[in-house]
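> Below is the file start-v3.cif, with mmCIF, N, CA and C atoms and all ligand atoms.
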```cif
data_query
loop_
_atom_site.group_PDB
_atom_site.id
_atom_site.type_symbol
_atom_site.label_atom_id
_atom_site.label_comp_id
_atom_site.auth_asym_id
_atom_site.auth_seq_id
_atom_site.Cartn_x
_atom_site.Cartn_y
_atom_site.Cartn_z
ATOM 1 N N MET A 1 17.190 6.962 -1.619
ATOM 2 C CA MET A 1 16.284 6.883 -2.772
ATOM 3 C C MET A 1 14.918 6.416 -2.292
ATOM 4 N N SER A 2 13.956 7.313 -2.301
ATOM 5 C CA SER A 2 12.642 6.948 -1.795
ATOM 6 C C SER A 2 11.807 6.346 -2.916
ATOM 7 N N MET A 3 10.822 5.577 -2.528
ATOM 8 C CA MET A 3 9.969 4.941 -3.531
ATOM 9 C C MET A 3 8.776 5.838 -3.849
ATOM 10 N N THR A 4 8.175 5.583 -4.971
ATOM 11 C CA THR A 4 6.975 6.313 -5.352
ATOM 12 C C THR A 4 5.755 5.634 -4.747
ATOM 13 N N CYS A 5 4.619 6.331 -4.794
ATOM 14 C CA CYS A 5 3.378 5.747 -4.293
ATOM 15 C C CYS A 5 3.026 4.485 -5.080
ATOM 16 N N GLU A 6 3.292 4.473 -6.370
ATOM 17 C CA GLU A 6 2.985 3.295 -7.179
ATOM 18 C C GLU A 6 3.811 2.100 -6.715
ATOM 19 N N GLN A 7 5.086 2.336 -6.455
ATOM 20 C CA GLN A 7 5.941 1.250 -5.959
ATOM 21 C C GLN A 7 5.474 0.786 -4.584
ATOM 22 N N PHE A 8 5.082 1.764 -3.787
ATOM 23 C CA PHE A 8 4.575 1.468 -2.454
ATOM 24 C C PHE A 8 3.369 0.534 -2.522
ATOM 25 N N VAL A 9 2.423 0.896 -3.387
ATOM 26 C CA VAL A 9 1.198 0.100 -3.520
ATOM 27 C C VAL A 9 1.523 -1.325 -3.943
ATOM 28 N N GLU A 10 2.497 -1.456 -4.851
ATOM 29 C CA GLU A 10 2.887 -2.787 -5.314
ATOM 30 C C GLU A 10 3.420 -3.654 -4.165
ATOM 31 N N LEU A 11 3.963 -3.003 -3.151
ATOM 32 C CA LEU A 11 4.647 -3.733 -2.080
ATOM 33 C C LEU A 11 3.781 -3.957 -0.844
ATOM 34 N N VAL A 12 2.578 -3.381 -0.850
ATOM 35 C CA VAL A 12 1.759 -3.437 0.370
ATOM 36 C C VAL A 12 1.467 -4.868 0.803
ATOM 37 N N THR A 13 1.152 -5.740 -0.143
ATOM 38 C CA THR A 13 0.816 -7.110 0.271
ATOM 39 C C THR A 13 2.020 -7.801 0.909
ATOM 40 N N GLU A 14 3.200 -7.553 0.348
ATOM 41 C CA GLU A 14 4.403 -8.135 0.949
ATOM 42 C C GLU A 14 4.617 -7.603 2.360
ATOM 43 N N TYR A 15 4.326 -6.324 2.520
ATOM 44 C CA TYR A 15 4.467 -5.708 3.835
ATOM 45 C C TYR A 15 3.524 -6.371 4.836
ATOM 46 N N LEU A 16 2.269 -6.518 4.442
ATOM 47 C CA LEU A 16 1.279 -7.084 5.359
ATOM 48 C C LEU A 16 1.554 -8.556 5.642
ATOM 49 N N GLU A 17 2.218 -9.220 4.719
ATOM 50 C CA GLU A 17 2.577 -10.623 4.926
ATOM 51 C C GLU A 17 3.934 -10.759 5.599
ATOM 52 N N ASP A 18 4.557 -9.629 5.865
ATOM 53 C CA ASP A 18 5.879 -9.619 6.459
ATOM 54 C C ASP A 18 6.871 -10.396 5.592
ATOM 55 N N ALA A 19 6.740 -10.207 4.285
ATOM 56 C CA ALA A 19 7.551 -10.968 3.328
ATOM 57 C C ALA A 19 8.624 -10.102 2.665
ATOM 58 N N MET A 20 8.958 -9.017 3.287
ATOM 59 C CA MET A 20 9.922 -8.082 2.715
ATOM 60 C C MET A 20 11.329 -8.316 3.235
ATOM 61 N N ASP A 21 12.304 -8.001 2.399
ATOM 62 C CA ASP A 21 13.656 -7.972 2.939
ATOM 63 C C ASP A 21 13.837 -6.657 3.714
ATOM 64 N N ALA A 22 14.845 -6.630 4.556
ATOM 65 C CA ALA A 22 15.016 -5.509 5.488
ATOM 66 C C ALA A 22 15.199 -4.182 4.759
ATOM 67 N N ASP A 23 15.930 -4.198 3.658
ATOM 68 C CA ASP A 23 16.205 -2.977 2.914
ATOM 69 C C ASP A 23 14.923 -2.398 2.315
ATOM 70 N N THR A 24 14.138 -3.268 1.695
ATOM 71 C CA THR A 24 12.880 -2.831 1.109
ATOM 72 C C THR A 24 11.940 -2.319 2.187
ATOM 73 N N ARG A 25 11.910 -3.030 3.289
ATOM 74 C CA ARG A 25 11.052 -2.641 4.398
ATOM 75 C C ARG A 25 11.420 -1.254 4.920
ATOM 76 N N GLN A 26 12.696 -0.978 4.982
ATOM 77 C CA GLN A 26 13.132 0.337 5.457
ATOM 78 C C GLN A 26 12.654 1.434 4.514
ATOM 79 N N ARG A 27 12.807 1.207 3.211
ATOM 80 C CA ARG A 27 12.363 2.200 2.233
ATOM 81 C C ARG A 27 10.844 2.353 2.271
ATOM 82 N N PHE A 28 10.162 1.230 2.465
ATOM 83 C CA PHE A 28 8.710 1.243 2.551
ATOM 84 C C PHE A 28 8.273 2.092 3.746
ATOM 85 N N GLU A 29 8.913 1.875 4.880
ATOM 86 C CA GLU A 29 8.523 2.603 6.091
ATOM 87 C C GLU A 29 8.926 4.073 6.006
ATOM 88 N N GLU A 30 10.004 4.352 5.298
ATOM 89 C CA GLU A 30 10.366 5.757 5.061
ATOM 90 C C GLU A 30 9.267 6.460 4.262
ATOM 91 N N HIS A 31 8.780 5.774 3.234
ATOM 92 C CA HIS A 31 7.704 6.355 2.434
ATOM 93 C C HIS A 31 6.455 6.548 3.302
ATOM 94 N N LEU A 32 6.163 5.566 4.106
ATOM 95 C CA LEU A 32 4.985 5.609 4.972
ATOM 96 C C LEU A 32 5.056 6.808 5.929
ATOM 97 N N ALA A 33 6.259 7.119 6.372
ATOM 98 C CA ALA A 33 6.432 8.228 7.318
ATOM 99 C C ALA A 33 6.201 9.576 6.644
ATOM 100 N N LEU A 34 6.372 9.620 5.330
ATOM 101 C CA LEU A 34 6.322 10.894 4.609
ATOM 102 C C LEU A 34 5.034 11.090 3.829
ATOM 103 N N CYS A 35 4.225 10.067 3.720
ATOM 104 C CA CYS A 35 3.120 10.101 2.768
ATOM 105 C C CYS A 35 1.795 9.713 3.446
ATOM 106 N N PRO A 36 1.031 10.713 3.882
ATOM 107 C CA PRO A 36 -0.231 10.427 4.591
ATOM 108 C C PRO A 36 -1.195 9.591 3.754
ATOM 109 N N GLY A 37 -1.187 9.773 2.458
ATOM 110 C CA GLY A 37 -2.098 9.011 1.606
ATOM 111 C C GLY A 37 -1.809 7.528 1.669
ATOM 112 N N CYS A 38 -0.546 7.170 1.734
ATOM 113 C CA CYS A 38 -0.184 5.753 1.791
ATOM 114 C C CYS A 38 -0.463 5.170 3.172
ATOM 115 N N VAL A 39 -0.405 5.978 4.216
ATOM 116 C CA VAL A 39 -0.817 5.511 5.545
ATOM 117 C C VAL A 39 -2.282 5.093 5.491
ATOM 118 N N ILE A 40 -3.098 5.936 4.858
ATOM 119 C CA ILE A 40 -4.524 5.636 4.721
ATOM 120 C C ILE A 40 -4.706 4.377 3.883
ATOM 121 N N TYR A 41 -3.929 4.268 2.820
ATOM 122 C CA TYR A 41 -4.024 3.098 1.947
ATOM 123 C C TYR A 41 -3.747 1.808 2.718
ATOM 124 N N VAL A 42 -2.670 1.792 3.482
ATOM 125 C CA VAL A 42 -2.321 0.591 4.254
ATOM 126 C C VAL A 42 -3.424 0.269 5.252
ATOM 127 N N ASP A 43 -3.955 1.305 5.906
ATOM 128 C CA ASP A 43 -5.050 1.079 6.861
ATOM 129 C C ASP A 43 -6.257 0.468 6.169
ATOM 130 N N GLN A 44 -6.558 0.970 4.981
ATOM 131 C CA GLN A 44 -7.712 0.456 4.243
ATOM 132 C C GLN A 44 -7.509 -1.006 3.860
ATOM 133 N N ILE A 45 -6.332 -1.327 3.396
ATOM 134 C CA ILE A 45 -6.046 -2.714 3.009
ATOM 135 C C ILE A 45 -6.122 -3.636 4.218
ATOM 136 N N ARG A 46 -5.535 -3.188 5.320
ATOM 137 C CA ARG A 46 -5.607 -3.973 6.556
ATOM 138 C C ARG A 46 -7.048 -4.252 6.942
ATOM 139 N N GLU A 47 -7.878 -3.203 6.840
ATOM 140 C CA GLU A 47 -9.285 -3.320 7.227
ATOM 141 C C GLU A 47 -10.022 -4.275 6.289
ATOM 142 N N ILE A 48 -9.750 -4.161 5.000
ATOM 143 C CA ILE A 48 -10.380 -5.064 4.020
ATOM 144 C C ILE A 48 -10.017 -6.504 4.337
ATOM 145 N N VAL A 49 -8.737 -6.738 4.608
ATOM 146 C CA VAL A 49 -8.265 -8.093 4.896
ATOM 147 C C VAL A 49 -8.891 -8.602 6.191
ATOM 148 N N ARG A 50 -8.991 -7.731 7.189
ATOM 149 C CA ARG A 50 -9.561 -8.126 8.473
ATOM 150 C C ARG A 50 -11.034 -8.510 8.308
ATOM 151 N N GLN A 51 -11.771 -7.682 7.578
ATOM 152 C CA GLN A 51 -13.198 -7.926 7.389
ATOM 153 C C GLN A 51 -13.447 -9.181 6.563
ATOM 154 N N ALA A 52 -12.581 -9.408 5.622
ATOM 155 C CA ALA A 52 -12.786 -10.527 4.714
ATOM 156 C C ALA A 52 -12.408 -11.855 5.365
ATOM 157 N N GLY A 53 -11.656 -11.795 6.451
ATOM 158 C CA GLY A 53 -11.292 -13.016 7.132
ATOM 159 C C GLY A 53 -10.277 -13.825 6.351
ATOM 160 N N GLN A 54 -10.782 -14.752 5.538
ATOM 161 C CA GLN A 54 -9.861 -15.651 4.850
ATOM 162 C C GLN A 54 -9.158 -15.014 3.660
ATOM 163 N N LEU A 55 -9.604 -13.838 3.285
ATOM 164 C CA LEU A 55 -9.017 -13.206 2.110
ATOM 165 C C LEU A 55 -7.527 -12.969 2.318
ATOM 166 N N GLN A 56 -6.740 -13.430 1.389
ATOM 167 C CA GLN A 56 -5.315 -13.171 1.425
ATOM 168 C C GLN A 56 -5.051 -11.857 0.700
ATOM 169 N N PRO A 57 -4.033 -11.125 1.152
ATOM 170 C CA PRO A 57 -3.765 -9.840 0.496
ATOM 171 C C PRO A 57 -3.584 -9.959 -1.017
ATOM 172 N N GLU A 58 -3.025 -11.064 -1.468
ATOM 173 C CA GLU A 58 -2.813 -11.178 -2.917
ATOM 174 C C GLU A 58 -4.120 -11.373 -3.685
ATOM 175 N N ASP A 59 -5.209 -11.671 -2.930
ATOM 176 C CA ASP A 59 -6.507 -11.774 -3.582
ATOM 177 C C ASP A 59 -7.108 -10.415 -3.902
ATOM 178 N N LEU A 60 -6.550 -9.392 -3.307
ATOM 179 C CA LEU A 60 -7.049 -8.056 -3.633
ATOM 180 C C LEU A 60 -6.893 -7.838 -5.126
ATOM 181 N N SER A 61 -7.990 -7.498 -5.741
ATOM 182 C CA SER A 61 -7.972 -7.433 -7.189
ATOM 183 C C SER A 61 -7.209 -6.212 -7.680
ATOM 184 N N ALA A 62 -6.766 -6.297 -8.901
ATOM 185 C CA ALA A 62 -6.152 -5.149 -9.555
ATOM 186 C C ALA A 62 -7.138 -3.990 -9.588
ATOM 187 N N GLN A 63 -8.407 -4.344 -9.629
ATOM 188 C CA GLN A 63 -9.444 -3.309 -9.652
ATOM 189 C C GLN A 63 -9.406 -2.471 -8.376
ATOM 190 N N ALA A 64 -9.307 -3.125 -7.240
ATOM 191 C CA ALA A 64 -9.244 -2.405 -5.971
ATOM 192 C C ALA A 64 -8.013 -1.512 -5.928
ATOM 193 N N ARG A 65 -6.947 -2.019 -6.487
ATOM 194 C CA ARG A 65 -5.705 -1.253 -6.501
ATOM 195 C C ARG A 65 -5.840 -0.023 -7.401
ATOM 196 N N ASP A 66 -6.451 -0.210 -8.557
ATOM 197 C CA ASP A 66 -6.660 0.916 -9.461
ATOM 198 C C ASP A 66 -7.526 1.978 -8.803
ATOM 199 N N GLN A 67 -8.528 1.507 -8.070
ATOM 200 C CA GLN A 67 -9.418 2.415 -7.375
ATOM 201 C C GLN A 67 -8.625 3.283 -6.394
ATOM 202 N N LEU A 68 -7.745 2.645 -5.663
ATOM 203 C CA LEU A 68 -6.971 3.372 -4.672
ATOM 204 C C LEU A 68 -5.958 4.297 -5.341
ATOM 205 N N LEU A 69 -5.445 3.885 -6.470
ATOM 206 C CA LEU A 69 -4.524 4.770 -7.180
ATOM 207 C C LEU A 69 -5.262 6.001 -7.694
ATOM 208 N N ARG A 70 -6.530 5.833 -8.015
ATOM 209 C CA ARG A 70 -7.329 7.001 -8.399
ATOM 210 C C ARG A 70 -7.530 7.932 -7.211
ATOM 211 N N VAL A 71 -7.672 7.358 -6.022
ATOM 212 C CA VAL A 71 -7.747 8.181 -4.812
ATOM 213 C C VAL A 71 -6.472 8.992 -4.673
ATOM 214 N N PHE A 72 -5.344 8.346 -4.928
ATOM 215 C CA PHE A 72 -4.076 9.078 -4.874
ATOM 216 C C PHE A 72 -4.094 10.276 -5.806
ATOM 217 N N ASP A 73 -4.625 10.094 -6.993
ATOM 218 C CA ASP A 73 -4.650 11.189 -7.962
ATOM 219 C C ASP A 73 -5.429 12.378 -7.437
ATOM 220 N N ASP A 74 -6.382 12.120 -6.569
ATOM 221 C CA ASP A 74 -7.186 13.212 -6.037
ATOM 222 C C ASP A 74 -6.420 14.103 -5.066
ATOM 223 N N TRP A 75 -5.528 13.500 -4.282
ATOM 224 C CA TRP A 75 -4.833 14.337 -3.309
ATOM 225 C C TRP A 75 -3.414 14.713 -3.718
ATOM 226 N N ARG A 76 -2.876 13.996 -4.705
ATOM 227 C CA ARG A 76 -1.507 14.284 -5.140
ATOM 228 C C ARG A 76 -1.462 15.633 -5.852
ATOM 229 N N PRO A 77 -0.444 16.455 -5.558
ATOM 230 C CA PRO A 77 -0.347 17.741 -6.271
ATOM 231 C C PRO A 77 -0.295 17.515 -7.773
ATOM 232 N N LYS A 78 -1.036 18.310 -8.496
ATOM 233 C CA LYS A 78 -1.082 18.169 -9.954
ATOM 234 C C LYS A 78 0.144 18.799 -10.625
HETATM 235 ZN ZN ZN A 101 2.714 7.429 -1.039
#
```
Please re-express this file's structure in structure tokens.
Ligand SMILES: [Zn+2]


Amino acid sequence: MSMTCEQFVELVTEYLEDAMDADTRQRFEEHLALCPGCVIYVDQIREIVRQAGQLQPEDLSAQARDQLLRVFDDWRPK
């Protein structure tokens, strides 16, 4: 049972904090292997966190997340 992009996005901060259980992590990485858009998303979040320094992933606003979900809408088949 693979996860959706929305579920994936919800879990990204846990992934970056290494706060996932093994089962969730496996499903997350399965999605990552199949979904180029989510690979880009994770890279973007990593970069934002790196640039921000002290910014914790959970500080990423819902606004930033909505923005990225709109990006998904652009490449996702209609
Ligand atoms: Zn995805």

> For a test of reading the model, state the distance in Å between CA of Arg27 in chain A and CA of Arg50 in chain A, rounded to one decimal.

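Atom-to-atom, CA of Arg27 in chain A to CA of Arg50 in chain A, that is 25.0 Å.
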
> Give me the residues of chain A that have any atom at most 8 Å from an atom of ligand ZN 101 (chain A); for each, the nearest atom pair and the distance in Å, rounded to one decimal. Use all atoms listed in the file, sort by chain and number, and format it as CSV.


```
residue,atom,partner,partner_atom,distance
A:Met3,C,A:ZN101,ZN,6.9
A:Thr4,C,A:ZN101,ZN,5.1
A:Cys5,CA,A:ZN101,ZN,3.7
A:Glu6,N,A:ZN101,ZN,6.1
A:Gln7,N,A:ZN101,ZN,7.8
A:Phe8,CA,A:ZN101,ZN,6.4
A:Val9,N,A:ZN101,ZN,6.9
A:His31,C,A:ZN101,ZN,5.8
A:Leu32,N,A:ZN101,ZN,6.5
A:Leu34,C,A:ZN101,ZN,6.5
A:Cys35,CA,A:ZN101,ZN,4.7
A:Pro36,N,A:ZN101,ZN,6.2
A:Gly37,C,A:ZN101,ZN,5.3
A:Cys38,N,A:ZN101,ZN,4.3
A:Val39,N,A:ZN101,ZN,6.3
A:Phe72,CA,A:ZN101,ZN,8.0
```

> Which value, in Å to one decimal, gives the distance between atom C of Leu16 in chain A and CA of Ile48 in chain A?

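Going from atom C of Leu16 in chain A over to CA of Ile48 in chain A covers 12.5 Å.
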
> Expressed in Å to a single decimal, how great is the separation between atom N of Val42 in chain A and atom C of Asp23 in chain A?

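Separation of atom N of Val42 in chain A and atom C of Asp23 in chain A: 18.1 Å.
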
> Given 3 Å on each side, where is the centre and what are the edge lengths in Å to one decimal of the axis-aligned box enclosing the listed atoms of range 33-46 of chain A, as AutoDock Vina command-line options?


```
--center_x -0.6 --center_y 3.4 --center_z 4.5 --size_x 20.1 --size_y 21.3 --size_z 11.7
```
